[in-house]
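Enquirer: Attaching a single structure in structure tokens format; questions to follow.
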Amino acid sequence: MKAFTALVDWPSAALTDSLVRKALATLQLPPFVISSLPEDIPSPENLLQWSTYDSINHGLSRSPLSVSRVLSSSYAIRKALIRKHYLSRCIHQYLAKHPNSSLRQAAPRTWDLELSFADELDEMWNDELYDLGLELDKAIPDLWWILKPGMADRGMGIRLFHTKNDLVKIFDEFEADNDADDDDDTEDQRHSGTAVVTSQLRHFVIQEYLSNPILVDPSEIPLSGQPNPLDPEELRGHKFHLRVYCVASGALTVYMCTRILALFSAVSYTPPEKYPSVDAVNEDLAAHLTNTSLQKERGEAGVRLLDELVGCRILSSSSANPECTRPQPHQQRPPNAVELVLDSHQICSRCKEQHSRLAQHPTLTAEDVQDLRTQISDVLAETFKAALGMSVHFQPIPNNFELFGVDFLVTHAQSPSSLRNFQVHLLEVNSEPAIELTGPRLTWILEDIFCAIGKVCVAPFFGSGPEPQEERDDVGQKWEVGETREALTKCLEVQVRGARGW
């Protein structure tokens, strides 16, 4: 391995900065670490830029390997992945050419729109939103839609709606908020940190709201010092999404971290059609949004490993049994129940009753979790293939790697079978994910991910030969797609634009 210099600069992410430095220290030949580059830097011989996007000199990253060996931790152009409206477009184009892709089931129905004022919707209903308008006109009670700003994150600007009038009202409120933002902050407070400034955002996506997520009570996996509820009547179904860390390297190999996080909503789930009005839904989206950035006061209370959910009761069911998908009302205990003295027959009877109630809910199995991983790996590969088809907005080159946080929602499969009970749905792809919100209990996962990036992406690039080394194990076996090493599963390996991606 050749000696090299590493630029490490994460001014707003102390945890990331620490993880990068620790990962570099584990390499066979640790680099000399600097925090900034000289303004007029010549073409360096061996340089790693493992820094935030804005700190990277992307011009150096695009230098051919014959000129200098510079590796950077971010692709300069990747809007096709990280902007919601670009992602929806590239998936739509990809499905037109590959109708049997797994994205057909994994990508929610999506419309993207560009507007600044609510009255622009009038023309859109007859043009780009015509198909959506037909769906809204059906007025199906449990068919809802979710509005997301194309370039916002951390839950900003997200709203649910059910009718055309609901959507118009949402944009009217956005405009009113903009007009009054200097005088009155009550609307921002009312929407619990999800306010958005439409004067700064013109791109939005509308997706079908997935109203049949699998529901689990995170208290079944108690954190240190928390009681474990044994009575199934005390369990409440919470919505959650899966945060999958994904590493893209060069041009192009994609890896999935096998240690997947489950991020839970703050309160138990209630379907939007059960609210008295759409205003009531959007006043507090805590039951519907699982973003940890909206729950900072909870710390790591809503964060679990997907593997930890094995054995947890699934407090929802497929649409074939809709009565089971609704939150069950809490049953009050009889007065002074604690003071009653029960004989052995009563105790036995109550134990049987409790076990009977437990048996009513299936549990998440290890086979289910493995199937979710298999689905996610396939969807990640298809997503990056779709992005490659939009070459103007995604340009992978050999001198880059990047860590993405990809979010998935898990729902009940429409036609559950012995092979698949659940379906994953791609929500979004995040650059520079907010890993600090994972919490200290699971920081070891992040440490392993960054060390793996050092071994898989950095060390081979600065190998002893004239070219970056190919991935092989200790006995010289090539790393095949579908194989797992360093807690990373290789999902995709393609060659873009000729040899080594140039």
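Please note that chains go A, B, ... in the order of the structure tokens, that every chain numbers its residues from 1, and that ligands are numbered from 1 in the order shown.
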Residues near Leu95 (chain A), anyone? I mean within 12 Å using only C-alpha atoms, not counting same-chain ones fewer than 4 positions away, as an NGL selection string.
Expert: :A and (88-91 or 99-107 or 109 or 382-383 or 385-387 or 389)
Enquirer: For the residues in the current selection, export all heavy atoms as a compact mmCIF listing (two decimals), in the first residue's frame.
Expert:
```txt
# COMPACT_ATOMS: atom_id res chain seq x y z
N SER A 88 -37.63 10.02 -9.08
CA SER A 88 -38.89 9.51 -9.63
C SER A 88 -38.84 9.47 -11.16
O SER A 88 -39.36 8.54 -11.78
CB SER A 88 -40.06 10.37 -9.15
OG SER A 88 -40.04 11.66 -9.73
N ARG A 89 -38.21 10.46 -11.76
CA ARG A 89 -38.13 10.50 -13.22
C ARG A 89 -37.25 9.37 -13.76
O ARG A 89 -37.61 8.71 -14.74
CB ARG A 89 -37.58 11.85 -13.69
CG ARG A 89 -38.50 13.02 -13.43
CD ARG A 89 -37.81 14.33 -13.75
NE ARG A 89 -38.55 15.48 -13.23
CZ ARG A 89 -38.09 16.72 -13.22
NH1 ARG A 89 -36.89 16.98 -13.72
NH2 ARG A 89 -38.83 17.71 -12.72
N CYS A 90 -36.10 9.15 -13.12
CA CYS A 90 -35.21 8.12 -13.66
C CYS A 90 -35.81 6.73 -13.45
O CYS A 90 -35.64 5.85 -14.30
CB CYS A 90 -33.81 8.24 -13.05
SG CYS A 90 -33.60 7.64 -11.37
N ILE A 91 -36.55 6.52 -12.35
CA ILE A 91 -37.23 5.23 -12.16
C ILE A 91 -38.33 5.05 -13.20
O ILE A 91 -38.49 3.96 -13.76
CB ILE A 91 -37.79 5.14 -10.73
CG1 ILE A 91 -36.64 5.00 -9.72
CG2 ILE A 91 -38.74 3.96 -10.60
CD1 ILE A 91 -37.09 4.97 -8.27
N PRO A 99 -39.89 -3.28 -17.74
CA PRO A 99 -41.16 -3.38 -17.01
C PRO A 99 -41.20 -4.47 -15.95
O PRO A 99 -42.06 -4.43 -15.06
CB PRO A 99 -42.18 -3.66 -18.12
CG PRO A 99 -41.38 -4.25 -19.24
CD PRO A 99 -40.04 -3.58 -19.17
N ASN A 100 -40.29 -5.44 -16.01
CA ASN A 100 -40.28 -6.53 -15.03
C ASN A 100 -39.32 -6.28 -13.88
O ASN A 100 -39.08 -7.18 -13.07
CB ASN A 100 -39.93 -7.85 -15.73
CG ASN A 100 -40.98 -8.26 -16.75
OD1 ASN A 100 -42.17 -8.05 -16.54
ND2 ASN A 100 -40.53 -8.83 -17.86
N SER A 101 -38.77 -5.09 -13.80
CA SER A 101 -37.84 -4.75 -12.71
C SER A 101 -38.55 -4.80 -11.37
O SER A 101 -39.76 -4.54 -11.26
CB SER A 101 -37.26 -3.35 -12.94
OG SER A 101 -36.60 -2.88 -11.78
N SER A 102 -37.80 -5.12 -10.32
CA SER A 102 -38.36 -5.13 -8.97
C SER A 102 -38.84 -3.75 -8.53
O SER A 102 -39.61 -3.63 -7.59
CB SER A 102 -37.32 -5.66 -7.98
OG SER A 102 -36.15 -4.87 -8.01
N LEU A 103 -38.38 -2.71 -9.22
CA LEU A 103 -38.86 -1.37 -8.90
C LEU A 103 -40.34 -1.20 -9.21
O LEU A 103 -40.98 -0.28 -8.69
CB LEU A 103 -38.05 -0.32 -9.68
CG LEU A 103 -36.60 -0.10 -9.22
CD1 LEU A 103 -35.87 0.81 -10.19
CD2 LEU A 103 -36.56 0.47 -7.82
N ARG A 104 -40.89 -2.07 -10.03
CA ARG A 104 -42.31 -2.00 -10.34
C ARG A 104 -43.15 -2.13 -9.07
O ARG A 104 -44.15 -1.44 -8.89
CB ARG A 104 -42.67 -3.09 -11.33
CG ARG A 104 -44.15 -3.18 -11.71
CD ARG A 104 -44.57 -1.99 -12.57
NE ARG A 104 -43.88 -2.00 -13.85
CZ ARG A 104 -43.97 -1.00 -14.73
NH1 ARG A 104 -44.70 0.07 -14.46
NH2 ARG A 104 -43.30 -1.05 -15.88
N GLN A 105 -42.72 -3.01 -8.16
CA GLN A 105 -43.42 -3.18 -6.89
C GLN A 105 -42.84 -2.30 -5.80
O GLN A 105 -43.55 -1.89 -4.88
CB GLN A 105 -43.35 -4.65 -6.43
CG GLN A 105 -44.18 -5.62 -7.25
CD GLN A 105 -43.54 -5.95 -8.59
OE1 GLN A 105 -42.33 -6.07 -8.69
NE2 GLN A 105 -44.36 -6.08 -9.62
N ALA A 106 -41.54 -2.00 -5.89
CA ALA A 106 -40.86 -1.31 -4.80
C ALA A 106 -41.00 0.20 -4.83
O ALA A 106 -40.86 0.85 -3.79
CB ALA A 106 -39.39 -1.69 -4.78
N ALA A 107 -41.24 0.77 -5.98
CA ALA A 107 -41.35 2.23 -6.09
C ALA A 107 -42.81 2.64 -6.02
O ALA A 107 -43.61 2.23 -6.85
CB ALA A 107 -40.73 2.72 -7.39
N ARG A 109 -46.27 4.70 -6.55
CA ARG A 109 -46.74 5.53 -7.66
C ARG A 109 -46.43 6.99 -7.34
O ARG A 109 -46.77 7.49 -6.26
CB ARG A 109 -48.23 5.34 -7.87
CG ARG A 109 -48.61 3.99 -8.48
CD ARG A 109 -50.06 4.01 -8.93
NE ARG A 109 -50.99 4.08 -7.81
CZ ARG A 109 -52.30 4.30 -7.95
NH1 ARG A 109 -52.83 4.53 -9.14
NH2 ARG A 109 -53.08 4.33 -6.88
N GLU A 382 -31.20 -2.19 -8.78
CA GLU A 382 -32.05 -1.64 -9.83
C GLU A 382 -32.12 -0.12 -9.77
O GLU A 382 -32.19 0.56 -10.79
CB GLU A 382 -33.46 -2.24 -9.70
CG GLU A 382 -33.55 -3.71 -10.04
CD GLU A 382 -33.24 -3.98 -11.51
OE1 GLU A 382 -34.11 -3.71 -12.35
OE2 GLU A 382 -32.12 -4.44 -11.79
N THR A 383 -32.08 0.44 -8.56
CA THR A 383 -32.12 1.90 -8.41
C THR A 383 -30.89 2.55 -9.02
O THR A 383 -30.97 3.56 -9.74
CB THR A 383 -32.25 2.28 -6.93
OG1 THR A 383 -33.45 1.71 -6.39
CG2 THR A 383 -32.29 3.79 -6.75
N LYS A 385 -28.98 1.21 -11.32
CA LYS A 385 -29.08 1.02 -12.77
C LYS A 385 -29.96 2.11 -13.39
O LYS A 385 -29.65 2.64 -14.46
CB LYS A 385 -29.65 -0.36 -13.09
CG LYS A 385 -28.71 -1.52 -12.84
CD LYS A 385 -29.42 -2.83 -13.18
CE LYS A 385 -28.57 -4.04 -12.88
NZ LYS A 385 -29.28 -5.31 -13.16
N ALA A 386 -31.07 2.40 -12.71
CA ALA A 386 -31.96 3.45 -13.21
C ALA A 386 -31.25 4.79 -13.24
O ALA A 386 -31.39 5.57 -14.20
CB ALA A 386 -33.22 3.52 -12.34
N ALA A 387 -30.48 5.08 -12.19
CA ALA A 387 -29.76 6.35 -12.14
C ALA A 387 -28.72 6.44 -13.25
O ALA A 387 -28.49 7.51 -13.82
CB ALA A 387 -29.11 6.53 -10.78
N GLY A 389 -29.03 5.39 -16.13
CA GLY A 389 -29.71 5.74 -17.36
C GLY A 389 -29.95 7.23 -17.51
O GLY A 389 -30.25 7.71 -18.61
```
Enquirer: Please list as a list of chain:residue names every residue within 9 Å of His288 (chain A), counting only C-alpha atoms and excluding residues in the same chain fewer than 4 positions away.
Expert: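 The neighbour list is A:Lys239, A:Phe240, A:Ser265, A:Ala266, A:Val267, A:Ser268, A:Tyr269, A:Thr270, A:Pro271, A:Pro272, A:Val281, A:Asp284.
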Enquirer: Go ahead and save the residues from that selection, with C-alpha atoms, as a compact mmCIF listing (two decimals), in the first residue's frame.
Expert:
```txt
# COMPACT_ATOMS: atom_id res chain seq x y z
CA LYS A 239 -44.96 2.47 12.02
CA PHE A 240 -41.26 2.24 11.16
CA SER A 265 -42.55 6.69 14.88
CA ALA A 266 -43.01 8.46 18.19
CA VAL A 267 -46.65 7.42 18.66
CA SER A 268 -48.75 4.44 17.62
CA TYR A 269 -50.18 4.31 14.12
CA THR A 270 -53.67 5.38 13.15
CA PRO A 271 -54.71 5.23 9.47
CA PRO A 272 -55.36 8.72 8.05
CA VAL A 281 -53.87 14.49 10.19
CA ASP A 284 -49.43 16.22 14.11
```
Enquirer: Which residue is closest to Gly439 (chain A)? Choose from A:Arg304, A:Leu372, A:Val379, A:Arg420 and count only C-alpha atoms.
Expert: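 So, comparing all the options, the nearest one is A:Arg304.
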Enquirer: One decimal, in Å: what's the spacing between CA of Gln49 (chain A) and CA of Val254 (chain A)?
Expert: 19.6 Å
Enquirer: Within 6 Å of Val216 (chain A), counting only C-alpha atoms, which residues show up once you throw out same-chain ones fewer than 4 positions away? Write them as a list in words, please.
Expert: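 Using only C-alpha atoms, the neighbours found are Gly237, His238, Ile314 and Leu315 of chain A.
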Enquirer: Just to confirm, what's the straight-line distance from CA of Val278 (chain A) to CA of Gln207 (chain A) in Å (one decimal)?
Expert: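 Calculated distance between CA of Val278 (chain A) and CA of Gln207 (chain A) is 16.4 Å.
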Enquirer: Could you tell me how far CA of Val496 (chain A) lies from CA of Pro396 (chain A), in Å and to one decimal?
Expert: 7.8 Å
Enquirer: Which is closer to Tyr130 (chain A) than all the others in A:Leu437, A:Leu113, A:Ser249, A:Ser36, using only C-alpha atoms?
Expert: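 Closest candidate: A:Leu113.
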Enquirer: Which one of A:Glu173, A:Glu308, A:Asp9, A:Asp378 sits closest to Asp279 (chain A) if you count only C-alpha atoms?
Expert: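 Of the candidates, the smallest distance to Asp279 (chain A) is held by A:Glu173.
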Enquirer: Restricting the calculation to only C-alpha atoms, which member of A:His393, A:Arg202, A:Arg236, A:Lys490 is positioned closest to Thr374 (chain A)?
Expert: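 Between A:His393, A:Arg202, A:Arg236, A:Lys490, the residue approaching Thr374 (chain A) most closely is A:Lys490.
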Enquirer: From the options A:Gln414, A:Ile82, A:Gly454, A:Val481, which residue's atoms come nearest to Leu24 (chain A), counting only C-alpha atoms?
Expert: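 Among the listed residues, the smallest separation from Leu24 (chain A) belongs to A:Gly454.
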Enquirer: Pick out the closest residue to Gln495 (chain A) from this set: A:Gly405, A:Gly250, A:Gly157, A:Gly133. Count only C-alpha atoms.
Expert: A:Gly250
Enquirer: So which residues touch Ser431 (chain A) within 9 Å, counting only C-alpha atoms, skipping near sequence neighbours fewer than 5 positions away, as a compact mmCIF listing (two decimals) with all heavy atoms, in the first residue's frame?
Expert:
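This is the output file selection_14.txt:
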```
# COMPACT_ATOMS: atom_id res chain seq x y z
N SER A 74 -17.28 11.50 -2.33
CA SER A 74 -18.58 11.92 -2.84
C SER A 74 -18.51 12.07 -4.35
O SER A 74 -17.53 12.60 -4.88
CB SER A 74 -19.01 13.26 -2.21
OG SER A 74 -20.24 13.68 -2.72
N LEU A 81 -30.11 10.45 -7.88
CA LEU A 81 -30.36 9.61 -6.71
C LEU A 81 -30.94 10.40 -5.54
O LEU A 81 -31.92 9.97 -4.92
CB LEU A 81 -29.06 8.93 -6.26
CG LEU A 81 -28.51 7.82 -7.16
CD1 LEU A 81 -27.07 7.50 -6.77
CD2 LEU A 81 -29.38 6.58 -7.07
N ILE A 82 -30.36 11.55 -5.24
CA ILE A 82 -30.64 12.20 -3.96
C ILE A 82 -31.74 13.26 -4.03
O ILE A 82 -32.16 13.76 -2.99
CB ILE A 82 -29.36 12.81 -3.37
CG1 ILE A 82 -28.83 13.95 -4.25
CG2 ILE A 82 -28.30 11.76 -3.18
CD1 ILE A 82 -27.68 14.73 -3.63
N GLU A 402 -19.00 6.76 -2.12
CA GLU A 402 -19.91 7.57 -1.29
C GLU A 402 -20.80 6.67 -0.46
O GLU A 402 -21.24 5.60 -0.90
CB GLU A 402 -20.77 8.48 -2.17
CG GLU A 402 -21.62 9.46 -1.36
CD GLU A 402 -22.10 10.66 -2.16
OE1 GLU A 402 -21.79 10.74 -3.37
OE2 GLU A 402 -22.78 11.52 -1.58
N LEU A 403 -21.07 7.14 0.76
CA LEU A 403 -21.99 6.47 1.67
C LEU A 403 -23.36 7.14 1.55
O LEU A 403 -23.48 8.35 1.69
CB LEU A 403 -21.49 6.57 3.11
CG LEU A 403 -22.43 6.04 4.19
CD1 LEU A 403 -22.59 4.53 4.09
CD2 LEU A 403 -21.93 6.43 5.59
N PHE A 404 -24.38 6.33 1.28
CA PHE A 404 -25.75 6.83 1.20
C PHE A 404 -26.59 6.17 2.30
O PHE A 404 -26.34 5.04 2.69
CB PHE A 404 -26.38 6.49 -0.16
CG PHE A 404 -25.74 7.15 -1.34
CD1 PHE A 404 -24.77 6.48 -2.09
CD2 PHE A 404 -26.07 8.45 -1.72
CE1 PHE A 404 -24.17 7.07 -3.18
CE2 PHE A 404 -25.48 9.05 -2.80
CZ PHE A 404 -24.52 8.37 -3.55
N GLY A 405 -27.60 6.91 2.76
CA GLY A 405 -28.60 6.34 3.64
C GLY A 405 -29.89 6.19 2.85
O GLY A 405 -30.49 7.18 2.43
N VAL A 406 -30.30 4.95 2.62
CA VAL A 406 -31.47 4.67 1.78
C VAL A 406 -32.61 4.20 2.67
O VAL A 406 -32.43 3.31 3.50
CB VAL A 406 -31.15 3.61 0.71
CG1 VAL A 406 -32.30 3.49 -0.28
CG2 VAL A 406 -29.85 3.97 -0.01
```
Enquirer: If we count only C-alpha atoms and set the cut-off at 12 Å, which residues sit around Leu223 (chain A), ignoring sequence neighbours fewer than 4 positions away in its own chain? Please answer as a PyMOL selection string.
Expert: chain A and resi 218-219+227-228+299-305+308+439-442
Enquirer: Within 12 Å of Ser12 (chain A), counting only C-alpha atoms, which residues qualify if same-chain residues fewer than 3 places away don't, as number ranges by chain?
Expert: A: 9, 15-18, 51-55, 432, 434-436
Enquirer: Keeping only C-alpha atoms, write those residues as an mmCIF file, in the first residue's frame.
Expert:
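Written output follows (out.cif):
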```cif
data_model
loop_
_atom_site.group_PDB
_atom_site.id
_atom_site.type_symbol
_atom_site.label_atom_id
_atom_site.label_comp_id
_atom_site.auth_asym_id
_atom_site.auth_seq_id
_atom_site.Cartn_x
_atom_site.Cartn_y
_atom_site.Cartn_z
ATOM 1 C CA ASP A 9 -13.135 17.855 7.265
ATOM 2 C CA LEU A 15 -19.280 11.909 14.946
ATOM 3 C CA THR A 16 -18.583 11.382 11.246
ATOM 4 C CA ASP A 17 -15.236 13.133 11.594
ATOM 5 C CA SER A 18 -14.320 10.823 14.458
ATOM 6 C CA SER A 51 -14.847 15.001 3.743
ATOM 7 C CA THR A 52 -18.188 16.714 3.415
ATOM 8 C CA TYR A 53 -19.260 17.476 -0.156
ATOM 9 C CA ASP A 54 -18.513 21.204 0.144
ATOM 10 C CA SER A 55 -14.964 20.609 1.418
ATOM 11 C CA GLU A 432 -24.370 12.528 3.932
ATOM 12 C CA ALA A 434 -27.461 12.046 9.681
ATOM 13 C CA ILE A 435 -25.714 9.103 11.324
ATOM 14 C CA GLU A 436 -25.432 10.924 14.658
#
```
